[in-house]
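Asker: One file is attached below, protein_38.cif, containing mmCIF, C-alpha atoms.
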```cif
data_structure
#
loop_
_atom_site.group_PDB
_atom_site.id
_atom_site.type_symbol
_atom_site.label_atom_id
_atom_site.label_comp_id
_atom_site.auth_asym_id
_atom_site.auth_seq_id
_atom_site.Cartn_x
_atom_site.Cartn_y
_atom_site.Cartn_z
ATOM 1 C CA MET A 1 10.580 149.878 100.343
ATOM 2 C CA THR A 2 13.743 147.827 100.334
ATOM 3 C CA GLU A 3 13.951 145.249 97.548
ATOM 4 C CA TYR A 4 15.067 141.753 98.603
ATOM 5 C CA GLY A 5 16.996 139.540 96.213
ATOM 6 C CA ILE A 6 19.091 136.388 96.193
ATOM 7 C CA HIS A 7 22.835 136.118 95.694
ATOM 8 C CA ALA A 8 23.985 133.329 93.368
ATOM 9 C CA SER A 9 27.436 132.057 94.351
ATOM 10 C CA HIS A 10 29.176 130.490 91.355
ATOM 11 C CA GLU A 11 32.031 129.355 93.599
ATOM 12 C CA GLN A 12 29.761 126.974 95.479
ATOM 13 C CA ILE A 13 27.049 125.658 93.200
ATOM 14 C CA PRO A 14 27.053 124.141 89.681
ATOM 15 C CA PRO A 15 25.494 126.503 87.142
ATOM 16 C CA ALA A 16 22.485 124.328 86.265
ATOM 17 C CA ASP A 17 21.597 124.000 89.952
ATOM 18 C CA LEU A 18 22.132 127.720 90.438
ATOM 19 C CA LEU A 19 19.793 128.454 87.537
ATOM 20 C CA ALA A 20 17.119 126.230 89.077
ATOM 21 C CA ALA A 21 17.616 128.075 92.365
ATOM 22 C CA VAL A 22 17.018 131.561 90.950
ATOM 23 C CA ILE A 23 13.941 130.317 89.093
ATOM 24 C CA ALA A 24 12.641 128.948 92.397
ATOM 25 C CA ALA A 25 13.618 132.164 94.188
ATOM 26 C CA GLU A 26 11.419 134.219 91.879
ATOM 27 C CA GLN A 27 8.533 131.811 92.438
ATOM 28 C CA HIS A 28 8.972 132.211 96.206
ATOM 29 C CA GLY A 29 8.922 135.998 96.235
ATOM 30 C CA PHE A 30 12.513 137.145 95.760
ATOM 31 C CA GLU A 31 12.495 140.298 93.640
ATOM 32 C CA ALA A 32 16.029 140.428 92.259
ATOM 33 C CA ALA A 33 19.331 138.560 91.997
ATOM 34 C CA MET A 34 23.050 139.143 91.799
ATOM 35 C CA CYS A 35 25.982 136.812 91.252
ATOM 36 C CA SER A 36 29.721 136.514 91.687
ATOM 37 C CA ASP A 37 32.263 136.317 88.862
ATOM 38 C CA HIS A 38 35.226 134.156 89.920
ATOM 39 C CA PHE A 39 37.734 131.974 88.124
ATOM 40 C CA SER A 40 38.298 129.850 91.224
ATOM 41 C CA PRO A 41 36.463 129.209 94.491
ATOM 42 C CA TRP A 42 37.594 130.312 97.941
ATOM 43 C CA SER A 43 38.182 126.726 99.088
ATOM 44 C CA SER A 44 38.295 123.201 97.687
ATOM 45 C CA ARG A 45 35.124 122.447 99.687
ATOM 46 C CA GLN A 46 33.211 124.993 97.626
ATOM 47 C CA GLY A 47 34.482 123.312 94.505
ATOM 48 C CA GLU A 48 32.903 125.281 91.609
ATOM 49 C CA SER A 49 33.497 128.381 89.489
ATOM 50 C CA ALA A 50 31.348 128.563 86.377
ATOM 51 C CA PHE A 51 31.578 131.437 83.864
ATOM 52 C CA ALA A 52 29.135 134.046 85.144
ATOM 53 C CA TRP A 53 28.496 135.788 81.820
ATOM 54 C CA SER A 54 27.234 132.653 80.066
ATOM 55 C CA TRP A 55 24.999 131.916 83.026
ATOM 56 C CA LEU A 56 23.601 135.444 83.195
ATOM 57 C CA GLY A 57 22.079 135.178 79.724
ATOM 58 C CA ALA A 58 20.288 131.986 80.729
ATOM 59 C CA ALA A 59 19.151 133.398 84.086
ATOM 60 C CA LEU A 60 17.780 136.606 82.572
ATOM 61 C CA GLN A 61 15.900 134.598 79.951
ATOM 62 C CA ALA A 62 14.515 132.104 82.474
ATOM 63 C CA THR A 63 13.177 134.697 84.958
ATOM 64 C CA ASN A 64 11.821 138.233 85.127
ATOM 65 C CA LEU A 65 14.254 139.226 87.885
ATOM 66 C CA SER A 66 16.796 141.997 87.605
ATOM 67 C CA PHE A 67 20.381 140.706 87.776
ATOM 68 C CA GLY A 68 23.734 142.143 88.685
ATOM 69 C CA VAL A 69 27.267 140.786 88.622
ATOM 70 C CA VAL A 70 30.379 141.798 90.565
ATOM 71 C CA ASN A 71 33.236 142.065 88.080
ATOM 72 C CA ALA A 72 36.900 143.129 88.147
ATOM 73 C CA PRO A 73 37.969 144.535 84.759
ATOM 74 C CA GLY A 74 41.576 145.304 83.937
ATOM 75 C CA GLN A 75 43.577 142.075 84.221
ATOM 76 C CA ARG A 76 41.636 138.844 83.677
ATOM 77 C CA TYR A 77 39.122 140.781 81.574
ATOM 78 C CA HIS A 78 39.880 143.545 79.116
ATOM 79 C CA PRO A 79 37.357 146.333 79.813
ATOM 80 C CA ALA A 80 36.343 146.514 76.136
ATOM 81 C CA ILE A 81 35.158 142.886 76.375
ATOM 82 C CA ILE A 82 33.260 143.662 79.583
ATOM 83 C CA ALA A 83 31.656 146.648 77.838
ATOM 84 C CA GLN A 84 30.573 144.335 75.022
ATOM 85 C CA ALA A 85 29.131 141.831 77.509
ATOM 86 C CA ILE A 86 27.291 144.562 79.435
ATOM 87 C CA GLY A 87 26.018 146.095 76.216
ATOM 88 C CA THR A 88 24.700 142.798 74.885
ATOM 89 C CA LEU A 89 22.827 141.878 78.070
ATOM 90 C CA GLY A 90 21.516 145.436 78.330
ATOM 91 C CA ALA A 91 20.241 145.295 74.748
ATOM 92 C CA MET A 92 18.562 141.913 75.231
ATOM 93 C CA PHE A 93 17.063 142.611 78.676
ATOM 94 C CA PRO A 94 16.477 146.378 78.956
ATOM 95 C CA GLY A 95 16.415 147.765 82.470
ATOM 96 C CA ARG A 96 17.152 144.412 84.125
ATOM 97 C CA PHE A 97 20.952 144.261 84.304
ATOM 98 C CA TRP A 98 23.680 146.069 86.213
ATOM 99 C CA ALA A 99 27.380 145.475 86.808
ATOM 100 C CA ALA A 100 29.305 146.223 89.980
ATOM 101 C CA LEU A 101 32.970 146.915 89.330
ATOM 102 C CA GLY A 102 35.829 146.393 91.763
ATOM 103 C CA SER A 103 39.608 146.066 91.774
ATOM 104 C CA GLY A 104 39.590 142.285 92.164
ATOM 105 C CA GLU A 105 41.379 139.516 94.043
ATOM 106 C CA TYR A 106 44.640 137.870 93.055
ATOM 107 C CA SER A 107 43.113 134.399 93.419
ATOM 108 C CA ASN A 108 41.174 135.098 90.210
ATOM 109 C CA GLU A 109 43.577 137.389 88.379
ATOM 110 C CA HIS A 110 46.877 135.490 88.745
ATOM 111 C CA ILE A 111 45.870 133.176 85.867
ATOM 112 C CA THR A 112 47.066 135.800 83.359
ATOM 113 C CA GLY A 113 50.631 135.503 84.665
ATOM 114 C CA GLN A 114 50.852 139.265 85.087
ATOM 115 C CA PRO A 115 52.104 140.829 88.325
ATOM 116 C CA TRP A 116 49.514 141.784 90.949
ATOM 117 C CA PRO A 117 49.657 145.585 91.284
ATOM 118 C CA ARG A 118 49.521 147.546 94.530
ATOM 119 C CA LYS A 119 46.052 148.562 95.695
ATOM 120 C CA GLU A 120 46.406 152.159 94.517
ATOM 121 C CA VAL A 121 47.493 150.974 91.074
ATOM 122 C CA ARG A 122 44.575 148.539 90.928
ATOM 123 C CA GLU A 123 42.198 151.373 91.728
ATOM 124 C CA ALA A 124 43.731 153.585 89.039
ATOM 125 C CA ARG A 125 43.413 150.701 86.592
ATOM 126 C CA LEU A 126 39.783 150.222 87.609
ATOM 127 C CA LEU A 127 39.026 153.894 87.035
ATOM 128 C CA GLU A 128 40.564 153.706 83.563
ATOM 129 C CA SER A 129 38.502 150.589 82.892
ATOM 130 C CA VAL A 130 35.316 152.394 83.965
ATOM 131 C CA GLU A 131 36.119 155.245 81.577
ATOM 132 C CA VAL A 132 36.658 152.776 78.725
ATOM 133 C CA ILE A 133 33.414 150.927 79.468
ATOM 134 C CA ARG A 134 31.379 154.127 79.751
ATOM 135 C CA GLY A 135 32.825 155.502 76.534
ATOM 136 C CA LEU A 136 32.050 152.344 74.605
ATOM 137 C CA LEU A 137 28.514 152.100 75.996
ATOM 138 C CA ALA A 138 27.990 155.733 74.946
ATOM 139 C CA GLY A 139 28.895 154.836 71.353
ATOM 140 C CA ASP A 140 32.335 156.423 71.309
ATOM 141 C CA GLU A 141 35.337 155.010 69.494
ATOM 142 C CA VAL A 142 37.865 154.500 72.268
ATOM 143 C CA THR A 143 41.644 154.536 72.026
ATOM 144 C CA ARG A 144 43.736 154.596 75.170
ATOM 145 C CA ASP A 145 47.386 154.200 76.124
ATOM 146 C CA GLY A 146 47.793 153.948 79.881
ATOM 147 C CA LEU A 147 47.323 151.259 82.473
ATOM 148 C CA ILE A 148 44.694 150.038 80.000
ATOM 149 C CA THR A 149 45.488 149.876 76.282
ATOM 150 C CA VAL A 150 42.656 150.147 73.762
ATOM 151 C CA ASP A 151 42.958 150.585 70.004
ATOM 152 C CA ARG A 152 39.999 152.069 68.106
ATOM 153 C CA ALA A 153 37.347 150.030 69.887
ATOM 154 C CA ARG A 154 33.671 150.612 69.157
ATOM 155 C CA LEU A 155 30.561 148.764 70.282
ATOM 156 C CA TRP A 156 28.218 148.017 67.422
ATOM 157 C CA THR A 157 25.502 146.493 69.602
ATOM 158 C CA ARG A 158 24.444 148.765 72.427
ATOM 159 C CA PRO A 159 21.328 149.195 74.581
ATOM 160 C CA ALA A 160 19.242 152.343 74.277
ATOM 161 C CA GLU A 161 20.160 153.072 77.903
ATOM 162 C CA ALA A 162 23.462 151.947 79.379
ATOM 163 C CA PRO A 163 23.128 149.581 82.366
ATOM 164 C CA PRO A 164 24.256 151.063 85.698
ATOM 165 C CA LEU A 165 27.899 150.646 86.704
ATOM 166 C CA ILE A 166 27.904 150.228 90.489
ATOM 167 C CA GLY A 167 30.929 150.550 92.746
ATOM 168 C CA ALA A 168 31.935 147.608 94.951
ATOM 169 C CA ALA A 169 33.481 148.605 98.287
ATOM 170 C CA VAL A 170 34.247 147.155 101.733
ATOM 171 C CA SER A 171 35.770 150.273 103.337
ATOM 172 C CA THR A 172 34.540 153.824 103.850
ATOM 173 C CA LYS A 173 37.549 155.142 101.941
ATOM 174 C CA THR A 174 36.684 153.096 98.878
ATOM 175 C CA ALA A 175 32.982 153.937 99.225
ATOM 176 C CA ALA A 176 33.771 157.649 99.108
ATOM 177 C CA TRP A 177 36.079 157.085 96.125
ATOM 178 C CA CYS A 178 33.328 155.198 94.287
ATOM 179 C CA ALA A 179 31.048 158.210 94.674
ATOM 180 C CA GLY A 180 33.130 159.971 92.036
ATOM 181 C CA TRP A 181 32.279 157.533 89.255
ATOM 182 C CA ALA A 182 29.625 154.981 90.231
ATOM 183 C CA ASP A 183 25.874 154.775 89.631
ATOM 184 C CA GLY A 184 25.370 153.108 93.025
ATOM 185 C CA LEU A 185 27.206 151.191 95.753
ATOM 186 C CA VAL A 186 27.302 147.552 96.823
ATOM 187 C CA THR A 187 28.957 146.245 99.973
ATOM 188 C CA VAL A 188 28.756 143.189 102.265
ATOM 189 C CA ASN A 189 27.304 142.715 105.735
ATOM 190 C CA ALA A 190 29.323 144.122 108.621
ATOM 191 C CA PRO A 191 28.533 145.600 112.050
ATOM 192 C CA VAL A 192 25.696 148.101 111.828
ATOM 193 C CA GLU A 193 27.854 151.111 112.671
ATOM 194 C CA GLN A 194 30.276 150.223 109.896
ATOM 195 C CA LEU A 195 27.445 149.848 107.397
ATOM 196 C CA ARG A 196 25.998 153.199 108.459
ATOM 197 C CA ALA A 197 29.426 154.756 107.951
ATOM 198 C CA MET A 198 29.681 153.165 104.503
ATOM 199 C CA ILE A 199 26.422 154.744 103.388
ATOM 200 C CA GLU A 200 27.375 158.094 104.907
ATOM 201 C CA ALA A 201 30.778 158.025 103.207
ATOM 202 C CA TYR A 202 29.217 157.294 99.816
ATOM 203 C CA ARG A 203 26.334 159.749 100.083
ATOM 204 C CA GLY A 204 28.506 162.382 101.770
ATOM 205 C CA ALA A 205 30.901 162.332 98.822
ATOM 206 C CA GLY A 206 28.002 162.888 96.414
ATOM 207 C CA GLY A 207 27.266 159.249 95.622
ATOM 208 C CA ARG A 208 24.132 158.725 93.557
ATOM 209 C CA GLY A 209 21.921 155.744 92.802
ATOM 210 C CA PRO A 210 20.971 152.752 94.963
ATOM 211 C CA VAL A 211 22.982 151.470 97.905
ATOM 212 C CA CYS A 212 22.980 147.674 97.963
ATOM 213 C CA LEU A 213 23.987 145.074 100.543
ATOM 214 C CA GLN A 214 25.005 141.450 100.104
ATOM 215 C CA VAL A 215 24.234 139.526 103.310
ATOM 216 C CA HIS A 216 26.055 136.281 104.082
ATOM 217 C CA LEU A 217 23.794 134.053 106.176
ATOM 218 C CA SER A 218 23.362 130.438 107.175
ATOM 219 C CA TRP A 219 19.993 128.970 108.045
ATOM 220 C CA ALA A 220 19.021 125.371 108.787
ATOM 221 C CA PRO A 221 16.325 123.684 110.911
ATOM 222 C CA THR A 222 18.760 123.396 113.842
ATOM 223 C CA GLU A 223 21.481 125.698 115.144
ATOM 224 C CA ASP A 224 24.098 122.945 114.891
ATOM 225 C CA GLU A 225 23.283 122.407 111.211
ATOM 226 C CA ALA A 226 23.401 126.129 110.484
ATOM 227 C CA GLU A 227 26.793 126.395 112.189
ATOM 228 C CA ALA A 228 28.163 123.330 110.392
ATOM 229 C CA ILE A 229 27.125 124.709 106.999
ATOM 230 C CA ALA A 230 28.705 128.090 107.654
ATOM 231 C CA HIS A 231 31.930 126.620 109.041
ATOM 232 C CA ASP A 232 32.329 124.148 106.191
ATOM 233 C CA GLN A 233 31.612 126.577 103.373
ATOM 234 C CA TRP A 234 32.679 130.005 104.581
ATOM 235 C CA ARG A 235 35.597 129.657 106.987
ATOM 236 C CA SER A 236 38.032 130.547 104.202
ATOM 237 C CA ASN A 237 36.179 133.867 103.796
ATOM 238 C CA VAL A 238 36.742 135.347 107.248
ATOM 239 C CA PHE A 239 39.987 137.122 106.359
ATOM 240 C CA ARG A 240 39.948 140.886 105.987
ATOM 241 C CA PRO A 241 41.824 142.801 103.282
ATOM 242 C CA PRO A 242 44.580 142.656 102.257
ATOM 243 C CA VAL A 243 44.701 138.899 102.952
ATOM 244 C CA CYS A 244 41.598 138.091 100.910
ATOM 245 C CA TRP A 245 42.873 140.275 98.054
ATOM 246 C CA ASP A 246 46.398 138.927 97.893
ATOM 247 C CA LEU A 247 46.325 135.150 98.414
ATOM 248 C CA GLU A 248 46.817 133.300 95.140
ATOM 249 C CA THR A 249 45.322 129.817 95.229
ATOM 250 C CA VAL A 250 42.553 127.691 96.696
ATOM 251 C CA GLU A 251 45.225 125.641 98.482
ATOM 252 C CA GLN A 252 46.508 128.752 100.265
ATOM 253 C CA PHE A 253 43.016 129.685 101.437
ATOM 254 C CA ASP A 254 42.513 126.135 102.717
ATOM 255 C CA VAL A 255 45.777 126.217 104.665
ATOM 256 C CA VAL A 256 45.214 129.582 106.349
ATOM 257 C CA SER A 257 41.634 128.635 107.301
ATOM 258 C CA GLU A 258 42.448 125.253 108.882
ATOM 259 C CA ASN A 259 42.043 126.531 112.443
ATOM 260 C CA VAL A 260 39.250 129.049 111.930
ATOM 261 C CA THR A 261 36.540 128.558 114.557
ATOM 262 C CA VAL A 262 32.765 128.699 114.297
ATOM 263 C CA GLU A 263 32.821 131.885 116.356
ATOM 264 C CA GLN A 264 35.132 133.521 113.835
ATOM 265 C CA VAL A 265 32.764 132.522 111.032
ATOM 266 C CA ARG A 266 29.882 134.035 112.980
ATOM 267 C CA GLN A 267 31.650 137.395 112.736
ATOM 268 C CA VAL A 268 31.043 137.465 108.977
ATOM 269 C CA VAL A 269 27.990 135.203 108.544
ATOM 270 C CA ASN A 270 24.606 135.664 110.217
ATOM 271 C CA VAL A 271 24.123 132.130 111.576
ATOM 272 C CA SER A 272 20.793 131.114 113.090
ATOM 273 C CA ALA A 273 18.092 128.464 112.926
ATOM 274 C CA ASP A 274 15.583 131.128 113.982
ATOM 275 C CA LEU A 275 13.828 132.711 110.998
ATOM 276 C CA GLU A 276 12.612 135.577 113.158
ATOM 277 C CA ALA A 277 16.210 136.383 114.098
ATOM 278 C CA HIS A 278 17.112 136.589 110.413
ATOM 279 C CA THR A 279 14.069 138.780 109.786
ATOM 280 C CA GLU A 280 15.053 141.204 112.536
ATOM 281 C CA LYS A 281 18.634 141.433 111.295
ATOM 282 C CA LEU A 282 17.481 142.123 107.729
ATOM 283 C CA ARG A 283 15.002 144.708 109.000
ATOM 284 C CA GLU A 284 17.848 146.411 110.874
ATOM 285 C CA TYR A 285 19.922 146.565 107.684
ATOM 286 C CA ALA A 286 16.976 148.000 105.760
ATOM 287 C CA SER A 287 16.525 150.716 108.409
ATOM 288 C CA LEU A 288 20.009 152.005 107.574
ATOM 289 C CA GLY A 289 18.793 152.999 104.127
ATOM 290 C CA PHE A 290 19.800 150.124 101.870
ATOM 291 C CA ASP A 291 17.679 150.115 98.729
ATOM 292 C CA ARG A 292 18.410 146.491 97.839
ATOM 293 C CA ILE A 293 19.472 143.591 100.040
ATOM 294 C CA TYR A 294 20.705 140.364 98.442
ATOM 295 C CA LEU A 295 20.594 137.252 100.615
ATOM 296 C CA HIS A 296 23.449 134.783 100.289
ATOM 297 C CA HIS A 297 22.798 131.523 102.074
ATOM 298 C CA VAL A 298 26.332 130.131 102.266
ATOM 299 C CA GLY A 299 25.225 126.508 101.974
ATOM 300 C CA GLN A 300 25.279 124.517 98.756
ATOM 301 C CA ASP A 301 21.628 123.407 98.895
ATOM 302 C CA LEU A 302 19.622 126.574 98.341
ATOM 303 C CA MET A 303 16.128 125.117 98.042
ATOM 304 C CA PRO A 304 15.308 124.757 101.788
ATOM 305 C CA PHE A 305 16.539 128.323 102.354
ATOM 306 C CA ILE A 306 14.512 129.670 99.407
ATOM 307 C CA GLU A 307 11.350 127.917 100.560
ATOM 308 C CA ALA A 308 11.677 128.907 104.226
ATOM 309 C CA PHE A 309 12.563 132.543 103.573
ATOM 310 C CA GLY A 310 9.936 132.809 100.848
ATOM 311 C CA GLU A 311 7.253 131.474 103.180
ATOM 312 C CA LYS A 312 8.176 133.349 106.360
ATOM 313 C CA VAL A 313 10.931 135.969 106.150
ATOM 314 C CA LEU A 314 10.090 137.915 102.991
ATOM 315 C CA PRO A 315 6.367 138.302 103.824
ATOM 316 C CA ASP A 316 7.225 139.507 107.330
ATOM 317 C CA LEU A 317 9.712 142.051 105.992
ATOM 318 C CA ARG A 318 7.213 143.432 103.515
ATOM 319 C CA GLN A 319 4.413 143.545 106.052
ATOM 320 C CA THR A 320 6.301 145.484 108.691
ATOM 321 C CA GLY A 321 8.938 147.338 106.673
ATOM 322 C CA PRO A 322 12.230 148.632 108.167
ATOM 323 C CA GLN A 323 12.398 149.856 111.745
ATOM 324 C CA ALA A 324 12.872 153.562 112.260
#
```
What does the file become when written as structure tokens?
Answerer:
Amino acid sequence: MTEYGIHASHEQIPPADLLAAVIAAEQHGFEAAMCSDHFSPWSSRQGESAFAWSWLGAALQATNLSFGVVNAPGQRYHPAIIAQAIGTLGAMFPGRFWAALGSGEYSNEHITGQPWPRKEVREARLLESVEVIRGLLAGDEVTRDGLITVDRARLWTRPAEAPPLIGAAVSTKTAAWCAGWADGLVTVNAPVEQLRAMIEAYRGAGGRGPVCLQVHLSWAPTEDEAEAIAHDQWRSNVFRPPVCWDLETVEQFDVVSENVTVEQVRQVVNVSADLEAHTEKLREYASLGFDRIYLHHVGQDLMPFIEAFGEKVLPDLRQTGPQA
């Protein structure tokens, strides 16, 4: 059976409110959680960006949910520090934590003042970072001189079993590439045929572990409210790579999204006031073979969404299961 979790968006919601939301999500039947790891939001309207790693310790302690985080090691974060963070959470909360690793976005990484490498260089840097993290979690002393520099690093606090390192991908090419090193795959909602191709690309290249989906959605009691929430909060997130990778600042995202329409937002967010429509869409995703689906209501007030989906959507999904 597909596991249904909640996505915690640090770009949109203050950390104390986000903590209260995941506690409520567990009480209302969500089985898991994942979160973002940004230095800045995607728009000034979102207006937050708390430090995910501090929050994760509190969230794991406050609930019994499993948690994951999407992280980009190599520029803003040295991979040895990420290995230490992963190792500490894995030691404190065995079997409940995973990290998805990707090549990042310049809007978060430009703060270091370093140049933003080409995509192929970012992927090579990510692969080196993965090797460093895996070596440290295995107990090795790691020294490296390459795109990543490490001098005699060793983790003194490690979990008995290393947490999974999952690959983050939005294209079939990257999904297939992740199969060479990842313990699973996470992607975001897209047309069904594209999602099917993503899974096939990952599995076809030998990818192991769970395949996970983050679903952007907007629900409210009326269609107009659901549309208004999505347009206000997520219109700066409609841009495909490389635009979303390469813009630098919140102000730039706000400028390029000034004329984005509701219909454009609907291309990337499942917008509906109808809970049954959301249920059917989630069931369709599950039928593709996703092991975990994380629901991201793109509004800033999560409680009505948590209560409504906990009362109606999650029970219906578990009762009927995915369609064949």
Asker: Of the residues A:Gln46, A:Ser218, A:Ser107, A:Gln252, which is the one nearest to Pro304 in chain A, using all atoms listed in the file?
Answerer: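 Closest to Pro304 in chain A, using all atoms listed in the file: A:Ser218.
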Asker: Counting only C-alpha atoms, select every polymer residue within 9 Å of (31.2, 156.1, 90.8) as defined in the file's coordinates, and provide the selection as a list in words.
Answerer: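 Applying the cut-off with only C-alpha atoms, one gets Leu127, Val130, Leu165, Ile166, Gly167, Ala175, Ala176, Trp177, Cys178, Ala179, Gly180, Trp181, Ala182, Asp183, Gly184, Leu185, Gly207 and Arg208 of chain A.
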Asker: Which of these residues is nearest to Pro14 in chain A, using all atoms listed in the file: A:Ala205, A:Leu275, A:Ala33, A:Ala52?
Answerer: A:Ala52
Asker: From the options A:Ala25, A:Val271, A:Met34, A:Val186, which residue's atoms come nearest to Phe305 in chain A, counting all atoms listed in the file?
Answerer: A:Ala25
Asker: Go ahead and find all residues with at least one atom no further than 8 Å from (25.3, 144.4, 87.4) in the file's coordinates, using all atoms listed in the file; report them as a ChimeraX atom specification.
Answerer: /A:34,67-70,97-100,163-166
Asker: Using only C-alpha atoms, which of A:Ala83, A:Val313, A:Pro73, A:Phe239 sits nearest Leu282 in chain A?
Answerer: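 Checking each of A:Ala83, A:Val313, A:Pro73, A:Phe239 against Leu282 in chain A, counting only C-alpha atoms, the winner is A:Val313.
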Asker: Determine the residue set returned by the PyMOL selection byres ((chain A and resi 111) around 12) for the present structure, and present it as a ChimeraX atom specification.
Answerer: /A:38-40,75-77,105-110,112-116,248-249
Asker: Applied to this file, what does the PyMOL selection byres ((chain A and resi 4) around 7) return in terms of residues, put as a ChimeraX atom specification?
Answerer: /A:2-3,5,30-32,292-294
Asker: Write the selection just made, keeping C-alpha atoms, as a PDB file, in the frame of the given file?
Answerer:
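Wrote selection_8.pdb, looks like this:
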```pdb
ATOM      1  CA  THR A   2      13.743 147.827 100.334  1.00  0.00           C
ATOM      2  CA  GLU A   3      13.951 145.249  97.548  1.00  0.00           C
ATOM      3  CA  GLY A   5      16.996 139.540  96.213  1.00  0.00           C
ATOM      4  CA  PHE A  30      12.513 137.145  95.760  1.00  0.00           C
ATOM      5  CA  GLU A  31      12.495 140.298  93.640  1.00  0.00           C
ATOM      6  CA  ALA A  32      16.029 140.428  92.259  1.00  0.00           C
ATOM      7  CA  ARG A 292      18.410 146.491  97.839  1.00  0.00           C
ATOM      8  CA  ILE A 293      19.472 143.591 100.040  1.00  0.00           C
ATOM      9  CA  TYR A 294      20.705 140.364  98.442  1.00  0.00           C
TER      10      TYR A 294
END
```
Asker: Please enumerate the residues selected by the PyMOL selection byres ((chain A and resi 61) around 12) when evaluated against the supplied file, formatted as an NGL selection string.
Answerer: :A and (19 or 22-23 or 54-60 or 62-67 or 89 or 92-94 or 96-97)
Asker: Between A:Leu317, A:Glu284, A:His28, A:Glu11, which residue has the minimum interatomic distance to Val192 in chain A, considering all atoms listed in the file?
Answerer: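 Checking each of A:Leu317, A:Glu284, A:His28, A:Glu11 against Val192 in chain A, counting all atoms listed in the file, the winner is A:Glu284.
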Asker: Pick from A:Trp219, A:Tyr202, A:Ser103, A:Gly74: nearest to Val150 in chain A, with only C-alpha atoms counted?
Answerer: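 Of all the options, A:Gly74 lies closest to Val150 in chain A.
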Asker: Could you tell me how far CA of Leu217 in chain A sits from CA of Asp37 in chain A, in Å to one decimal place?
Answerer: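 Answer for the CA of Asp37 in chain A to CA of Leu217 in chain A separation: 19.4 Å.
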Asker: Give one line per residue of range 38-147 of chain A that approaches range 151-162 of chain A to at most 10 Å, naming the two atoms of the closest pair and their distance in Å to one decimal, counting all atoms listed in the file; sort by chain then ascending residue number and deliver it as a Markdown table.
Answerer:
```
| residue | atom | partner | partner_atom | distance |
| --- | --- | --- | --- | --- |
| A:Ala80 | CA | A:Ala153 | CA | 7.2 |
| A:Ile81 | CA | A:Leu155 | CA | 9.6 |
| A:Ala83 | CA | A:Leu155 | CA | 7.9 |
| A:Gln84 | CA | A:Leu155 | CA | 6.5 |
| A:Ala85 | CA | A:Arg158 | CA | 9.8 |
| A:Ile86 | CA | A:Ala162 | CA | 8.3 |
| A:Gly87 | CA | A:Arg158 | CA | 4.9 |
| A:Thr88 | CA | A:Arg158 | CA | 6.5 |
| A:Leu89 | CA | A:Pro159 | CA | 8.2 |
| A:Gly90 | CA | A:Pro159 | CA | 5.3 |
| A:Ala91 | CA | A:Pro159 | CA | 4.1 |
| A:Met92 | CA | A:Pro159 | CA | 7.8 |
| A:Phe93 | CA | A:Pro159 | CA | 8.8 |
| A:Pro94 | CA | A:Pro159 | CA | 7.1 |
| A:Gly95 | CA | A:Glu161 | CA | 7.9 |
| A:Phe97 | CA | A:Ala162 | CA | 9.5 |
| A:Trp98 | CA | A:Ala162 | CA | 9.0 |
| A:Val132 | CA | A:Ala153 | CA | 9.3 |
| A:Ile133 | CA | A:Leu155 | CA | 9.9 |
| A:Arg134 | CA | A:Ala162 | CA | 8.2 |
| A:Gly135 | CA | A:Arg154 | CA | 8.9 |
| A:Leu136 | CA | A:Leu155 | CA | 5.8 |
| A:Leu137 | CA | A:Ala162 | CA | 6.1 |
| A:Ala138 | CA | A:Ala162 | CA | 7.4 |
| A:Gly139 | CA | A:Leu155 | CA | 6.4 |
| A:Asp140 | CA | A:Arg154 | CA | 6.3 |
| A:Glu141 | CA | A:Arg154 | CA | 4.7 |
| A:Val142 | CA | A:Ala153 | CA | 5.1 |
| A:Thr143 | CA | A:Asp151 | CA | 4.6 |
| A:Arg144 | CA | A:Asp151 | CA | 6.6 |
| A:Asp145 | CA | A:Asp151 | CA | 8.4 |
```
Asker: For the residues selected in the previous step, produce a file with C-alpha atoms as a CSV table (one decimal), in the frame of the given file.
Answerer:
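In the end it all went to again-v4.csv:
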```csv
chain,number,residue,atom,x,y,z
A,80,ALA,CA,36.3,146.5,76.1
A,81,ILE,CA,35.2,142.9,76.4
A,83,ALA,CA,31.7,146.6,77.8
A,84,GLN,CA,30.6,144.3,75.0
A,85,ALA,CA,29.1,141.8,77.5
A,86,ILE,CA,27.3,144.6,79.4
A,87,GLY,CA,26.0,146.1,76.2
A,88,THR,CA,24.7,142.8,74.9
A,89,LEU,CA,22.8,141.9,78.1
A,90,GLY,CA,21.5,145.4,78.3
A,91,ALA,CA,20.2,145.3,74.7
A,92,MET,CA,18.6,141.9,75.2
A,93,PHE,CA,17.1,142.6,78.7
A,94,PRO,CA,16.5,146.4,79.0
A,95,GLY,CA,16.4,147.8,82.5
A,97,PHE,CA,21.0,144.3,84.3
A,98,TRP,CA,23.7,146.1,86.2
A,132,VAL,CA,36.7,152.8,78.7
A,133,ILE,CA,33.4,150.9,79.5
A,134,ARG,CA,31.4,154.1,79.8
A,135,GLY,CA,32.8,155.5,76.5
A,136,LEU,CA,32.0,152.3,74.6
A,137,LEU,CA,28.5,152.1,76.0
A,138,ALA,CA,28.0,155.7,74.9
A,139,GLY,CA,28.9,154.8,71.4
A,140,ASP,CA,32.3,156.4,71.3
A,141,GLU,CA,35.3,155.0,69.5
A,142,VAL,CA,37.9,154.5,72.3
A,143,THR,CA,41.6,154.5,72.0
A,144,ARG,CA,43.7,154.6,75.2
A,145,ASP,CA,47.4,154.2,76.1
```
Asker: Could you state the separation of CA of Gln264 in chain A and CA of Tyr285 in chain A in Å, given to one decimal place?
Answerer: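 Computed distance, CA of Gln264 in chain A to CA of Tyr285 in chain A, equals 21.0 Å.
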Asker: Set up a box along x, y and z of the file covering all listed atoms of range 57-73 of chain A, add 5 Å on every one of the six sides, and write the centre and edge lengths in Å to one decimal, as JSON.
Answerer:
```
{"center_x": 24.9, "center_y": 138.3, "center_z": 85.1, "size_x": 36.1, "size_y": 22.5, "size_z": 20.8}
```
